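Undergrad: Next up, coords.json (JSON, C-alpha atoms).
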```json
[["chain", "number", "residue", "atom", "x", "y", "z"],
["A", 16, "MET", "CA", 58.15, 113.42, 75.28],
["A", 17, "ASP", "CA", 61.93, 113.02, 74.79],
["A", 18, "SER", "CA", 62.74, 109.36, 75.44],
["A", 19, "SER", "CA", 66.47, 110.16, 75.69],
["A", 20, "LYS", "CA", 66.04, 111.98, 79.02],
["A", 21, "PRO", "CA", 65.54, 108.81, 81.12],
["A", 22, "GLN", "CA", 68.61, 107.28, 79.47],
["A", 23, "ILE", "CA", 70.70, 110.35, 80.27],
["A", 24, "GLY", "CA", 69.43, 110.18, 83.85],
["A", 25, "LYS", "CA", 70.52, 106.56, 84.11],
["A", 26, "ALA", "CA", 73.90, 107.42, 82.61],
["A", 27, "ALA", "CA", 74.30, 110.17, 85.21],
["A", 28, "LEU", "CA", 73.62, 107.64, 87.97],
["A", 29, "TRP", "CA", 76.21, 105.23, 86.55],
["A", 30, "MET", "CA", 78.77, 108.05, 86.32],
["A", 31, "THR", "CA", 78.03, 109.09, 89.89],
["A", 32, "GLY", "CA", 78.98, 105.57, 90.90],
["A", 33, "ALA", "CA", 82.17, 105.80, 88.82],
["A", 34, "ILE", "CA", 83.12, 109.13, 90.41],
["A", 35, "ALA", "CA", 82.56, 107.72, 93.90],
["A", 36, "ALA", "CA", 84.64, 104.63, 93.04],
["A", 37, "PHE", "CA", 87.58, 106.58, 91.56],
["A", 38, "SER", "CA", 87.57, 109.05, 94.44],
["A", 39, "SER", "CA", 87.48, 106.33, 97.09],
["A", 40, "MET", "CA", 90.33, 104.54, 95.31],
["A", 41, "ALA", "CA", 92.44, 107.70, 95.40],
["A", 42, "VAL", "CA", 91.76, 108.23, 99.12],
["A", 43, "ALA", "CA", 92.52, 104.57, 99.87],
["A", 44, "GLY", "CA", 95.76, 104.85, 97.89],
["A", 45, "ARG", "CA", 96.78, 107.93, 99.87],
["A", 46, "GLU", "CA", 96.08, 106.15, 103.18],
["A", 47, "LEU", "CA", 97.96, 103.02, 102.11],
["A", 48, "SER", "CA", 101.02, 104.92, 100.85],
["A", 49, "VAL", "CA", 102.15, 105.35, 104.46],
["A", 50, "THR", "CA", 102.41, 101.57, 105.02],
["A", 51, "HIS", "CA", 102.57, 99.82, 101.63],
["A", 52, "ASP", "CA", 104.63, 100.60, 98.54],
["A", 53, "THR", "CA", 102.89, 100.80, 95.17],
["A", 54, "PHE", "CA", 103.93, 97.26, 94.17],
["A", 55, "GLU", "CA", 102.31, 95.80, 97.27],
["A", 56, "ILE", "CA", 99.16, 97.82, 96.66],
["A", 57, "MET", "CA", 99.01, 96.52, 93.08],
["A", 58, "PHE", "CA", 99.51, 92.92, 94.22],
["A", 59, "TYR", "CA", 96.76, 92.99, 96.84],
["A", 60, "ARG", "CA", 94.46, 94.88, 94.47],
["A", 61, "SER", "CA", 94.98, 92.19, 91.84],
["A", 62, "VAL", "CA", 94.26, 89.41, 94.33],
["A", 63, "VAL", "CA", 90.92, 91.02, 95.19],
["A", 64, "GLY", "CA", 90.16, 91.61, 91.52],
["A", 65, "LEU", "CA", 91.07, 88.05, 90.53],
["A", 66, "CYS", "CA", 88.72, 86.64, 93.16],
["A", 67, "VAL", "CA", 85.86, 88.81, 91.88],
["A", 68, "VAL", "CA", 86.54, 88.02, 88.21],
["A", 69, "ALA", "CA", 86.84, 84.29, 88.91],
["A", 70, "ALA", "CA", 83.53, 84.34, 90.79],
["A", 71, "VAL", "CA", 81.78, 86.16, 87.94],
["A", 72, "LEU", "CA", 83.20, 83.77, 85.34],
["A", 73, "THR", "CA", 82.12, 80.79, 87.44],
["A", 74, "PHE", "CA", 78.55, 81.91, 88.13],
["A", 75, "SER", "CA", 78.04, 83.08, 84.54],
["A", 76, "GLY", "CA", 79.55, 79.94, 83.04],
["A", 77, "ALA", "CA", 81.94, 82.08, 81.00],
["A", 78, "TRP", "CA", 85.20, 80.24, 81.68],
["A", 79, "PRO", "CA", 85.31, 78.90, 78.06],
["A", 80, "GLN", "CA", 85.78, 82.53, 76.97],
["A", 81, "VAL", "CA", 89.18, 82.63, 78.72],
["A", 82, "THR", "CA", 91.71, 81.56, 76.12],
["A", 83, "THR", "CA", 95.45, 81.93, 75.53],
["A", 84, "LYS", "CA", 94.91, 83.50, 72.10],
["A", 85, "ARG", "CA", 97.11, 86.60, 71.72],
["A", 86, "LEU", "CA", 98.59, 85.98, 75.14],
["A", 87, "GLY", "CA", 101.62, 88.08, 74.18],
["A", 88, "LEU", "CA", 99.44, 91.14, 73.60],
["A", 89, "HIS", "CA", 97.72, 90.51, 76.94],
["A", 90, "GLY", "CA", 101.19, 90.52, 78.50],
["A", 91, "VAL", "CA", 102.25, 93.78, 76.82],
["A", 92, "ARG", "CA", 98.96, 95.44, 77.77],
["A", 93, "ASN", "CA", 99.24, 94.43, 81.40],
["A", 94, "VAL", "CA", 102.87, 95.51, 81.73],
["A", 95, "MET", "CA", 101.86, 98.97, 80.45],
["A", 96, "HIS", "CA", 98.83, 99.15, 82.73],
["A", 97, "PHE", "CA", 100.87, 97.90, 85.70],
["A", 98, "THR", "CA", 103.45, 100.63, 85.07],
["A", 99, "GLY", "CA", 100.84, 103.34, 84.68],
["A", 100, "GLN", "CA", 98.92, 102.27, 87.77],
["A", 101, "ASN", "CA", 102.07, 102.21, 89.91],
["A", 102, "LEU", "CA", 102.98, 105.71, 88.74],
["A", 103, "TRP", "CA", 99.42, 106.83, 89.54],
["A", 104, "PHE", "CA", 99.49, 105.37, 93.05],
["A", 105, "TYR", "CA", 102.87, 107.00, 93.70],
["A", 106, "ALA", "CA", 101.55, 110.39, 92.55],
["A", 107, "VAL", "CA", 98.43, 110.01, 94.73],
["A", 108, "GLY", "CA", 100.68, 109.74, 97.78],
["A", 109, "VAL", "CA", 102.86, 112.80, 97.14],
["A", 110, "ILE", "CA", 100.91, 115.54, 95.28],
["A", 111, "PRO", "CA", 97.41, 117.02, 95.65],
["A", 112, "LEU", "CA", 94.70, 114.63, 94.50],
["A", 113, "ALA", "CA", 93.14, 117.22, 92.18],
["A", 114, "GLN", "CA", 96.47, 117.62, 90.38],
["A", 115, "VAL", "CA", 96.74, 113.84, 89.88],
["A", 116, "PHE", "CA", 93.24, 113.68, 88.39],
["A", 117, "ALA", "CA", 93.82, 116.71, 86.14],
["A", 118, "LEU", "CA", 96.94, 115.17, 84.61],
["A", 119, "GLU", "CA", 95.28, 111.74, 84.37],
["A", 120, "PHE", "CA", 92.59, 113.31, 82.18],
["A", 121, "THR", "CA", 95.21, 113.81, 79.44],
["A", 122, "ASN", "CA", 94.89, 110.08, 78.70],
["A", 123, "PRO", "CA", 92.51, 110.66, 75.71],
["A", 124, "ILE", "CA", 94.91, 113.26, 74.30],
["A", 125, "TRP", "CA", 97.68, 110.66, 74.18],
["A", 126, "VAL", "CA", 95.27, 108.17, 72.60],
["A", 127, "ILE", "CA", 94.61, 110.70, 69.82],
["A", 128, "LEU", "CA", 98.34, 111.08, 69.11],
["A", 129, "LEU", "CA", 99.33, 107.41, 69.48],
["A", 130, "SER", "CA", 96.42, 105.78, 67.63],
["A", 131, "PRO", "CA", 97.83, 106.62, 64.16],
["A", 132, "LEU", "CA", 101.05, 104.79, 65.11],
["A", 133, "PHE", "CA", 99.50, 101.68, 66.65],
["A", 134, "LEU", "CA", 96.00, 101.43, 65.17],
["A", 135, "GLY", "CA", 96.49, 103.10, 61.82],
["A", 136, "GLU", "CA", 93.81, 105.70, 62.58],
["A", 137, "ARG", "CA", 93.93, 109.03, 60.77],
["A", 138, "LEU", "CA", 95.11, 112.14, 62.63],
["A", 139, "THR", "CA", 92.57, 114.74, 61.46],
["A", 140, "ALA", "CA", 92.92, 118.49, 61.85],
["A", 141, "LEU", "CA", 90.29, 118.54, 64.63],
["A", 142, "ARG", "CA", 92.07, 115.74, 66.50],
["A", 143, "LEU", "CA", 95.34, 117.63, 66.26],
["A", 144, "ILE", "CA", 93.70, 120.83, 67.51],
["A", 145, "ALA", "CA", 92.15, 118.87, 70.41],
["A", 146, "ALA", "CA", 95.58, 117.46, 71.29],
["A", 147, "LEU", "CA", 97.21, 120.90, 71.21],
["A", 148, "ILE", "CA", 94.50, 122.30, 73.48],
["A", 149, "GLY", "CA", 95.06, 119.37, 75.84],
["A", 150, "PHE", "CA", 98.79, 120.03, 76.00],
["A", 151, "ALA", "CA", 98.11, 123.69, 76.76],
["A", 152, "GLY", "CA", 96.12, 122.42, 79.73],
["A", 153, "ILE", "CA", 99.05, 120.25, 80.83],
["A", 154, "LEU", "CA", 101.35, 123.29, 80.80],
["A", 155, "ILE", "CA", 98.84, 125.25, 82.90],
["A", 156, "VAL", "CA", 98.65, 122.45, 85.49],
["A", 157, "ALA", "CA", 102.40, 121.74, 85.63],
["A", 158, "ARG", "CA", 103.54, 125.36, 85.06],
["A", 159, "PRO", "CA", 107.13, 124.48, 84.13],
["A", 160, "GLY", "CA", 109.59, 127.17, 85.10],
["A", 161, "THR", "CA", 107.57, 128.53, 88.00],
["A", 162, "ALA", "CA", 108.91, 125.80, 90.31],
["A", 163, "PRO", "CA", 111.27, 122.79, 90.11],
["A", 164, "LEU", "CA", 109.68, 119.82, 88.35],
["A", 165, "ASN", "CA", 107.95, 117.71, 90.98],
["A", 166, "LEU", "CA", 108.48, 113.95, 90.70],
["A", 167, "GLY", "CA", 104.84, 113.39, 91.61],
["A", 168, "VAL", "CA", 103.68, 115.62, 88.76],
["A", 169, "ALA", "CA", 105.99, 113.80, 86.34],
["A", 170, "CYS", "CA", 104.66, 110.42, 87.50],
["A", 171, "ALA", "CA", 101.02, 111.53, 87.15],
["A", 172, "ALA", "CA", 101.68, 112.83, 83.64],
["A", 173, "ALA", "CA", 103.58, 109.65, 82.67],
["A", 174, "SER", "CA", 100.79, 107.45, 84.03],
["A", 175, "ALA", "CA", 98.41, 109.04, 81.52],
["A", 176, "ILE", "CA", 100.69, 107.96, 78.66],
["A", 177, "PHE", "CA", 100.79, 104.37, 79.90],
["A", 178, "PHE", "CA", 97.00, 104.37, 80.39],
["A", 179, "ALA", "CA", 96.64, 105.57, 76.79],
["A", 180, "LEU", "CA", 98.84, 102.72, 75.55],
["A", 181, "THR", "CA", 96.73, 100.36, 77.66],
["A", 182, "ASN", "CA", 93.53, 101.66, 76.05],
["A", 183, "ILE", "CA", 94.99, 101.26, 72.55],
["A", 184, "SER", "CA", 96.02, 97.65, 73.20],
["A", 185, "THR", "CA", 92.64, 96.97, 74.82],
["A", 186, "LYS", "CA", 90.89, 98.19, 71.68],
["A", 187, "THR", "CA", 92.95, 95.70, 69.67],
["A", 188, "LEU", "CA", 92.21, 92.85, 72.09],
["A", 189, "THR", "CA", 88.44, 93.44, 72.10],
["A", 190, "ARG", "CA", 88.37, 92.39, 68.45],
["A", 191, "THR", "CA", 89.15, 88.78, 69.44],
["A", 192, "ALA", "CA", 88.76, 88.50, 73.23],
["A", 193, "SER", "CA", 85.78, 88.90, 75.57],
["A", 194, "ILE", "CA", 85.75, 91.36, 78.47],
["A", 195, "GLY", "CA", 85.89, 88.41, 80.88],
["A", 196, "CYS", "CA", 89.00, 87.06, 79.19],
["A", 197, "ILE", "CA", 90.70, 90.47, 79.25],
["A", 198, "MET", "CA", 89.84, 91.02, 82.93],
["A", 199, "PHE", "CA", 91.04, 87.54, 83.91],
["A", 200, "TRP", "CA", 94.49, 88.00, 82.36],
["A", 201, "LEU", "CA", 94.59, 91.57, 83.69],
["A", 202, "THR", "CA", 94.17, 90.54, 87.31],
["A", 203, "LEU", "CA", 96.28, 87.37, 87.06],
["A", 204, "MET", "CA", 99.24, 88.89, 85.25],
["A", 205, "GLN", "CA", 99.28, 92.04, 87.34],
["A", 206, "GLY", "CA", 99.11, 89.94, 90.48],
["A", 207, "VAL", "CA", 102.23, 88.09, 89.37],
["A", 208, "LEU", "CA", 103.97, 91.35, 88.40],
["A", 209, "GLY", "CA", 103.01, 92.93, 91.72],
["A", 210, "LEU", "CA", 104.28, 89.96, 93.74],
["A", 211, "ALA", "CA", 107.58, 89.87, 91.83],
["A", 212, "ALA", "CA", 108.16, 93.62, 92.10],
["A", 213, "ALA", "CA", 107.14, 93.80, 95.76],
["A", 214, "GLY", "CA", 109.56, 91.01, 96.65],
["A", 215, "ILE", "CA", 112.61, 92.50, 94.94],
["A", 216, "ASP", "CA", 113.79, 94.17, 98.14],
["A", 217, "GLY", "CA", 113.38, 90.93, 100.10],
["A", 218, "GLN", "CA", 110.54, 92.17, 102.25],
["A", 219, "MET", "CA", 106.81, 92.53, 101.87],
["A", 220, "VAL", "CA", 104.43, 94.20, 104.28],
["A", 221, "LEU", "CA", 101.40, 92.02, 104.96],
["A", 222, "PRO", "CA", 97.92, 93.54, 105.31],
["A", 223, "SER", "CA", 96.92, 94.58, 108.81],
["A", 224, "TRP", "CA", 93.52, 95.26, 110.35],
["A", 225, "GLN", "CA", 94.15, 98.93, 109.54],
["A", 226, "THR", "CA", 95.18, 98.51, 105.89],
["A", 227, "ALA", "CA", 93.07, 95.50, 104.83],
["A", 228, "PRO", "CA", 89.83, 97.53, 104.41],
["A", 229, "PHE", "CA", 91.61, 100.05, 102.17],
["A", 230, "LEU", "CA", 93.19, 97.27, 100.08],
["A", 231, "LEU", "CA", 89.79, 95.64, 99.68],
["A", 232, "LEU", "CA", 88.29, 99.01, 98.76],
["A", 233, "ILE", "CA", 90.91, 99.61, 96.04],
["A", 234, "GLY", "CA", 90.33, 96.18, 94.53],
["A", 235, "LEU", "CA", 86.55, 96.55, 94.42],
["A", 236, "ALA", "CA", 86.50, 100.25, 93.47],
["A", 237, "GLY", "CA", 88.73, 99.71, 90.45],
["A", 238, "LEU", "CA", 86.38, 97.08, 89.03],
["A", 239, "LEU", "CA", 83.25, 99.06, 89.96],
["A", 240, "ALA", "CA", 84.48, 102.26, 88.30],
["A", 241, "HIS", "CA", 85.07, 100.62, 84.93],
["A", 242, "PHE", "CA", 81.80, 98.68, 85.20],
["A", 243, "CYS", "CA", 79.89, 101.93, 85.78],
["A", 244, "ILE", "CA", 81.59, 103.76, 82.90],
["A", 245, "THR", "CA", 80.92, 100.84, 80.53],
["A", 246, "ASN", "CA", 77.23, 100.86, 81.42],
["A", 247, "ALA", "CA", 77.02, 104.64, 81.04],
["A", 248, "LEU", "CA", 78.59, 104.51, 77.58],
["A", 249, "ALA", "CA", 76.21, 101.69, 76.60],
["A", 250, "ILE", "CA", 73.10, 103.85, 77.13],
["A", 251, "ALA", "CA", 74.28, 107.41, 76.42],
["A", 252, "PRO", "CA", 76.53, 109.18, 73.89],
["A", 253, "ALA", "CA", 80.14, 109.86, 74.82],
["A", 254, "THR", "CA", 79.39, 113.59, 74.62],
["A", 255, "VAL", "CA", 77.10, 113.08, 77.62],
["A", 256, "VAL", "CA", 79.35, 110.70, 79.56],
["A", 257, "VAL", "CA", 82.61, 112.68, 79.22],
["A", 258, "PRO", "CA", 81.33, 115.83, 80.99],
["A", 259, "PHE", "CA", 80.07, 113.66, 83.86],
["A", 260, "ASP", "CA", 83.47, 111.99, 84.10],
["A", 261, "PHE", "CA", 85.13, 115.38, 84.52],
["A", 262, "ALA", "CA", 83.01, 115.94, 87.61],
["A", 263, "ARG", "CA", 85.64, 113.74, 89.24],
["A", 264, "LEU", "CA", 87.99, 116.72, 89.41],
["A", 265, "PRO", "CA", 85.94, 119.14, 91.54],
["A", 266, "THR", "CA", 84.79, 116.15, 93.60],
["A", 267, "ILE", "CA", 88.31, 115.00, 94.42],
["A", 268, "ALA", "CA", 89.41, 118.61, 94.94],
["A", 269, "VAL", "CA", 86.77, 118.99, 97.67],
["A", 270, "VAL", "CA", 87.69, 115.59, 99.14],
["A", 271, "GLY", "CA", 91.37, 116.58, 99.23],
["A", 272, "MET", "CA", 90.49, 119.88, 100.91],
["A", 273, "LEU", "CA", 88.30, 118.24, 103.58],
["A", 274, "LEU", "CA", 90.46, 115.21, 104.36],
["A", 275, "TYR", "CA", 94.00, 116.46, 103.72],
["A", 276, "HIS", "CA", 93.63, 120.25, 103.87],
["A", 277, "GLU", "CA", 94.80, 120.60, 100.25],
["A", 278, "PRO", "CA", 94.09, 124.09, 98.87],
["A", 279, "LEU", "CA", 91.80, 124.48, 95.86],
["A", 280, "ASP", "CA", 94.46, 125.47, 93.32],
["A", 281, "PHE", "CA", 93.16, 127.84, 90.63],
["A", 282, "TRP", "CA", 95.76, 126.80, 88.05],
["A", 283, "THR", "CA", 94.95, 123.10, 88.44],
["A", 284, "LEU", "CA", 91.24, 123.74, 87.92],
["A", 285, "LEU", "CA", 91.90, 126.07, 84.97],
["A", 286, "GLY", "CA", 94.27, 123.59, 83.34],
["A", 287, "ALA", "CA", 91.76, 120.79, 83.80],
["A", 288, "ALA", "CA", 89.07, 122.94, 82.14],
["A", 289, "VAL", "CA", 91.36, 123.49, 79.14],
["A", 290, "ILE", "CA", 92.14, 119.75, 78.93],
["A", 291, "PHE", "CA", 88.43, 119.02, 79.08],
["A", 292, "THR", "CA", 87.80, 121.46, 76.22],
["A", 293, "GLY", "CA", 90.26, 119.62, 74.00],
["A", 294, "ILE", "CA", 88.84, 116.19, 74.82],
["A", 295, "PHE", "CA", 85.23, 117.31, 74.45],
["A", 296, "LEU", "CA", 86.03, 118.86, 71.05],
["A", 297, "ASN", "CA", 87.40, 115.52, 69.87],
["A", 298, "VAL", "CA", 84.47, 113.51, 71.26],
["A", 299, "TRP", "CA", 81.95, 115.94, 69.74],
["A", 300, "SER", "CA", 83.59, 115.77, 66.31],
["A", 301, "GLU", "CA", 83.75, 111.96, 66.41],
["A", 302, "ASN", "CA", 80.07, 111.70, 67.35],
["A", 303, "ARG", "CA", 79.15, 114.17, 64.60],
["A", 304, "ASN", "CA", 81.08, 112.15, 62.02],
["A", 305, "ASN", "CA", 79.52, 108.88, 63.19],
["A", 306, "SER", "CA", 75.99, 110.29, 63.05],
["A", 307, "ALA", "CA", 76.60, 111.76, 59.59],
["A", 308, "THR", "CA", 77.85, 108.48, 58.09],
["A", 309, "PRO", "CA", 74.44, 106.73, 57.86],
["A", 310, "GLN", "CA", 72.94, 109.84, 56.26],
["A", 311, "ARG", "CA", 75.60, 109.83, 53.55],
["A", 312, "VAL", "CA", 75.03, 106.12, 52.92],
["A", 313, "SER", "CA", 71.27, 106.63, 52.77],
["A", 314, "ALA", "CA", 71.67, 109.50, 50.32],
["A", 315, "ALA", "CA", 73.89, 107.35, 48.11],
["A", 316, "LYS", "CA", 71.20, 104.68, 47.93]]
```
Just dump the structure as structure tokens.
TA:
Amino acid sequence: MDSSKPQIGKAALWMTGAIAAFSSMAVAGRELSVTHDTFEIMFYRSVVGLCVVAAVLTFSGAWPQVTTKRLGLHGVRNVMHFTGQNLWFYAVGVIPLAQVFALEFTNPIWVILLSPLFLGERLTALRLIAALIGFAGILIVARPGTAPLNLGVACAAASAIFFALTNISTKTLTRTASIGCIMFWLTLMQGVLGLAAAGIDGQMVLPSWQTAPFLLLIGLAGLLAHFCITNALAIAPATVVVPFDFARLPTIAVVGMLLYHEPLDFWTLLGAAVIFTGIFLNVWSENRNNSATPQRVSAAK
């Protein structure tokens, strides 16, 4: 009996939770865009997140893990994530949700291209091919020349770049900082950034009985999504988890159609499939290389 099947089943359940969390966050962001600007959404989201993180650190006795070591890198990481998340929330409010998700999926492509610059990782031929395939998918989704460049599309595409930079800096931080430490500075710093940015115009819309549930949902869904993905990756290979993650696209496309009467755009779905092909090629090659390494070492012995 294949013992990996139960693990894959558990990973699928975790990814179902992640898909539900990401989709609910997008819907909540769309609903809130009518009343709150993106800076206000980010501030209230961070307040909710900080309360949850503080509670977890308290009950787990993990406060000693929160240190000021590499505080500058924490700051750089959170400025990049804050920028990317604001661009994402803006795009959610002005373009079809499926288009936002399709362009967001280019995040790993940018990681491939930027890692040699910031992490010193080697840009292999397969990685380059995967990146080129991903960019072909971007062109299919955006279709430059067929219509004037939409600001929402540009913001969604730019958010993927900032999320990639966030992931690269996170990888560097995890070498010296715990997840609890990273999450604490994430929610605290972005709360401060959100409050400062929201108050620039001299006015800030307070939560109402109508918007408070959506703000709470965004704060909790963001944490839940990453928690689910982390657990899925802990028990199953990335080649299993990545295809499940891409189920977000048809899911949000159906949600957008049912709630906001957004048409199922063929080009968006086709472009997303091409982007997925590039990312899956890279993940498959990395997993193959990792599994081959022990064999080479064993043979050398």
Undergrad: To one decimal place, how far is atom CA of A:Lys84 from atom CA of A:Cys196 in Å?
TA: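 So the answer is 9.9 Å.
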Undergrad: When you look at A:Ala268 with a cut-off of 7 Å (counting all atoms listed in the file), what residues show up, excluding the ones that are within fewer than 3 positions of it in the same chain? I need them as a PDB file with C-alpha atoms, in the frame of the given file.
TA:
```
ATOM      1  CA  LEU A 112      94.700 114.630  94.500  1.00  0.00           C
ATOM      2  CA  ALA A 113      93.140 117.220  92.180  1.00  0.00           C
ATOM      3  CA  LEU A 264      87.990 116.720  89.410  1.00  0.00           C
ATOM      4  CA  PRO A 265      85.940 119.140  91.540  1.00  0.00           C
ATOM      5  CA  GLY A 271      91.370 116.580  99.230  1.00  0.00           C
ATOM      6  CA  MET A 272      90.490 119.880 100.910  1.00  0.00           C
ATOM      7  CA  LEU A 279      91.800 124.480  95.860  1.00  0.00           C
TER       8      LEU A 279
END
```
Undergrad: Using all atoms listed in the file, which protein or nucleic acid residues come within 12 Å of stretch 205-216 of chain A? Drop anything in the same chain fewer than 3 positions from it, and give the result as number ranges by chain.
TA: A: 51-66, 89-101, 197-202, 219-221, 234
Undergrad: Keeping only C-alpha atoms, write the selected residues as an mmCIF file, keeping the file's coordinate frame.
TA:
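Result written to selection32.cif:
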```
data_model
loop_
_atom_site.group_PDB
_atom_site.id
_atom_site.type_symbol
_atom_site.label_atom_id
_atom_site.label_comp_id
_atom_site.auth_asym_id
_atom_site.auth_seq_id
_atom_site.Cartn_x
_atom_site.Cartn_y
_atom_site.Cartn_z
ATOM 1 C CA HIS A 51 102.570 99.820 101.630
ATOM 2 C CA ASP A 52 104.630 100.600 98.540
ATOM 3 C CA THR A 53 102.890 100.800 95.170
ATOM 4 C CA PHE A 54 103.930 97.260 94.170
ATOM 5 C CA GLU A 55 102.310 95.800 97.270
ATOM 6 C CA ILE A 56 99.160 97.820 96.660
ATOM 7 C CA MET A 57 99.010 96.520 93.080
ATOM 8 C CA PHE A 58 99.510 92.920 94.220
ATOM 9 C CA TYR A 59 96.760 92.990 96.840
ATOM 10 C CA ARG A 60 94.460 94.880 94.470
ATOM 11 C CA SER A 61 94.980 92.190 91.840
ATOM 12 C CA VAL A 62 94.260 89.410 94.330
ATOM 13 C CA VAL A 63 90.920 91.020 95.190
ATOM 14 C CA GLY A 64 90.160 91.610 91.520
ATOM 15 C CA LEU A 65 91.070 88.050 90.530
ATOM 16 C CA CYS A 66 88.720 86.640 93.160
ATOM 17 C CA HIS A 89 97.720 90.510 76.940
ATOM 18 C CA GLY A 90 101.190 90.520 78.500
ATOM 19 C CA VAL A 91 102.250 93.780 76.820
ATOM 20 C CA ARG A 92 98.960 95.440 77.770
ATOM 21 C CA ASN A 93 99.240 94.430 81.400
ATOM 22 C CA VAL A 94 102.870 95.510 81.730
ATOM 23 C CA MET A 95 101.860 98.970 80.450
ATOM 24 C CA HIS A 96 98.830 99.150 82.730
ATOM 25 C CA PHE A 97 100.870 97.900 85.700
ATOM 26 C CA THR A 98 103.450 100.630 85.070
ATOM 27 C CA GLY A 99 100.840 103.340 84.680
ATOM 28 C CA GLN A 100 98.920 102.270 87.770
ATOM 29 C CA ASN A 101 102.070 102.210 89.910
ATOM 30 C CA ILE A 197 90.700 90.470 79.250
ATOM 31 C CA MET A 198 89.840 91.020 82.930
ATOM 32 C CA PHE A 199 91.040 87.540 83.910
ATOM 33 C CA TRP A 200 94.490 88.000 82.360
ATOM 34 C CA LEU A 201 94.590 91.570 83.690
ATOM 35 C CA THR A 202 94.170 90.540 87.310
ATOM 36 C CA MET A 219 106.810 92.530 101.870
ATOM 37 C CA VAL A 220 104.430 94.200 104.280
ATOM 38 C CA LEU A 221 101.400 92.020 104.960
ATOM 39 C CA GLY A 234 90.330 96.180 94.530
#
```
Undergrad: Compare A:Phe178, A:Trp78, A:Trp103, A:Phe281 by their minimum atom-to-atom distance to A:Asn122, counting only C-alpha atoms, and give me the closest one.
TA: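 Smallest distance to A:Asn122 is found for A:Phe178.
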Undergrad: Counting only C-alpha atoms, select every polymer residue within 10 Å of (100.3, 115.2, 96.7) as defined in the file's coordinates, and provide the selection as a VMD selection string.
TA: chain A and resid 45 105 to 115 165 167 to 168 271 275 277
Undergrad: With all atoms listed in the file as the basis for distance, which of A:Leu154, A:Ala288, A:Leu88, A:Val298 is at the shortest distance from A:Val255?
TA: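 Closest residue, counting all atoms listed in the file: A:Val298.
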Undergrad: So that I can see what lies close to A:Val257, please list as a list in words the residues with an atom at most 12 Å from it, counting all atoms listed in the file and leaving out residues fewer than 4 positions away in the same chain.
TA: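 Once the adjacent positions are removed, what remains is Ala26, Ala27, Met30, Ala33, Ile34, Phe120, Pro123, Ile244, Ala247, Leu248, Ala251, Pro252, Ala253, Phe261, Ala262, Arg263, Ile290, Phe291, Thr292, Gly293, Ile294, Phe295, Leu296, Asn297, Val298 and Trp299 of chain A.
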Undergrad: Using atom CA of A:Leu118 and atom CA of A:Ile153 as the two end points, give the distance in Å to one decimal.
TA: 6.7 Å
Undergrad: One decimal, in Å: what's the spacing between atom CA of A:Phe104 and atom CA of A:Leu239?
TA: 17.7 Å
